[in-house]
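Enquirer: What follows is a single structure, and I will ask about it in a moment.
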Amino acid sequence: MRRFAFPRSSPTSASAKASPVTRVKALSTFHLVAYTDATVYAGAEICLGNLLQGLDEKVAVTVLATDPEVGRFVADFRPGADVQFVPPVRNKFDFAPILAHFRALRKLRPDILHVNLRIPYACQYGILAGLFTRGVRVVAVEHCPLDTQSAFSRWIKRHSSARLAAHVSVGKQGARMIENEAHLPPNSLRVIYNGVPELESEPLPRLASGPVIGSIGRFDRLKGYDVLVKAMPALPGVTVVLIGGGPMREELEELARKLEVSDRLTLIDWSDEPRRYLPGFDLFVLPSRFEAFGLVLVEAMLAKLPVVASDVGGIPECVTGEETGLLVPVDDVAALASAIQRLLADPALCAKLGEAGLARARELFSRQRMVKEFETLYRDVIRGVAVD
């Protein structure tokens, strides 16, 4: 009896066998399909959009999504990009949507399938469809290395990851976690940091006359905003502004009432241009319980804001303690309050950290650098060069 086996994502298409002259021409005009099965757009989808916006105009781009709103959001970053949709897969027995994924990839037959994984076990059926479509090279990009309890998802992850044309993480710490979880060789994932464009936009007015500290992110447990609210009684006269919305809004409001700080807490569910609030902040605070990278930290650094953040996940790769910001232990209310107090009392230190943060963001986390590294990766994959 023949065993089931995953195919390897490798340059087996006609372009890989063409003459050198023909191949060079193909490499400058390749077709990229960017796949996402996200149901809401957040940091991972914004990063994907920034990448597509910056790619060489000769690259033909198709966005393939399971959610129309998310698909259009990503495609809007790149005028002229095609956008197509496939139905979401609810489970491994949802055969019609699974088949639709395979049909879509076989019809599009891209040179590169860029799979945007908001969590490690997302996009499994997009990856499988790419691996089983002749001539398609699958590049998977890991944004947040969270675990799963599903044995089937673990099995799919381990077997499919070993057959990707390239496997990328947005941070070193996240890369090591994925390698361990997927049983991959050490240092087998390539690290390409997220890139953030510098923007010029009209800043919004300050939301308070006194000190303002703020953050941008989804109101959920991982972001740790309850820790920041708990620190507010030790920060008299300080206004906290949180932008993002999410399931913890009512819990945060109730906590603020209990601590009698409601008059100094402003919650903004969502903004199409959240970075316009940054010039009105004195500090940027991200008390996350886990963060694979922290895209908003780069945005804050580009706004020359000193940062206070949790010393967890990929944050130390972004924020250098005592150089571009202050790092504090996770869930430590007293340490968070102390770090905020220290910066508010020392304008010279704030200015120093802000300038250093701007320089670091421009050096390591620019969109131009991210785009260049991905374009190099894509061309290596198409040429059949070993990627590590």
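Ordered as shown in the structure tokens, chains take letters A, B, and onward, while each chain numbers its residues from 1 and ligands are numbered from 1 in the order shown.
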Which neighbours of stretch 289-294 of chain A fall inside 10 Å, counting only C-alpha atoms, when residues of the same chain fewer than 6 positions from it are skipped, and could you give them as a ChimeraX atom specification?

Expert: /A:43,142-146,169-175,193-194,217,221-225,227,309-319,329-331

Enquirer: Would you kindly return, as a list in words, each protein, DNA or RNA residue with an atom no farther than 6 Å from any atom of A:Gln53, considering only C-alpha atoms and excluding same-chain residues fewer than 2 positions away?

Expert: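 Those residues are Asn50, Leu51, Leu55, Phe77 and Arg78 of chain A.
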
Enquirer: Skipping near chain neighbours, those fewer than 5 positions away, what residues fall within 9 Å of A:Tyr41 using only C-alpha atoms, listed as an MDAnalysis selection string?

Expert: chainID A and resid 46 69:70 73:74

Enquirer: Of the candidates A:Pro211, A:Gly49, A:Pro306, A:Pro120, which shows the shortest atom-to-atom distance to A:Glu322, using only C-alpha atoms?

Expert: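 Among the listed residues, the smallest separation from A:Glu322 belongs to A:Pro306.
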
Enquirer: Could you check how far atom CA of A:Ala104 sits from atom CA of A:Val40, in Å to one decimal?

Expert: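 Atom CA of A:Ala104 sits 21.7 Å away from atom CA of A:Val40.
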
Enquirer: Mind checking DSSP for stretch 162-225 of chain A and telling me the helix (DSSP H, G or I) residues as a VMD selection string?

Expert: chain A and resid 172 to 181 221 to 223 225
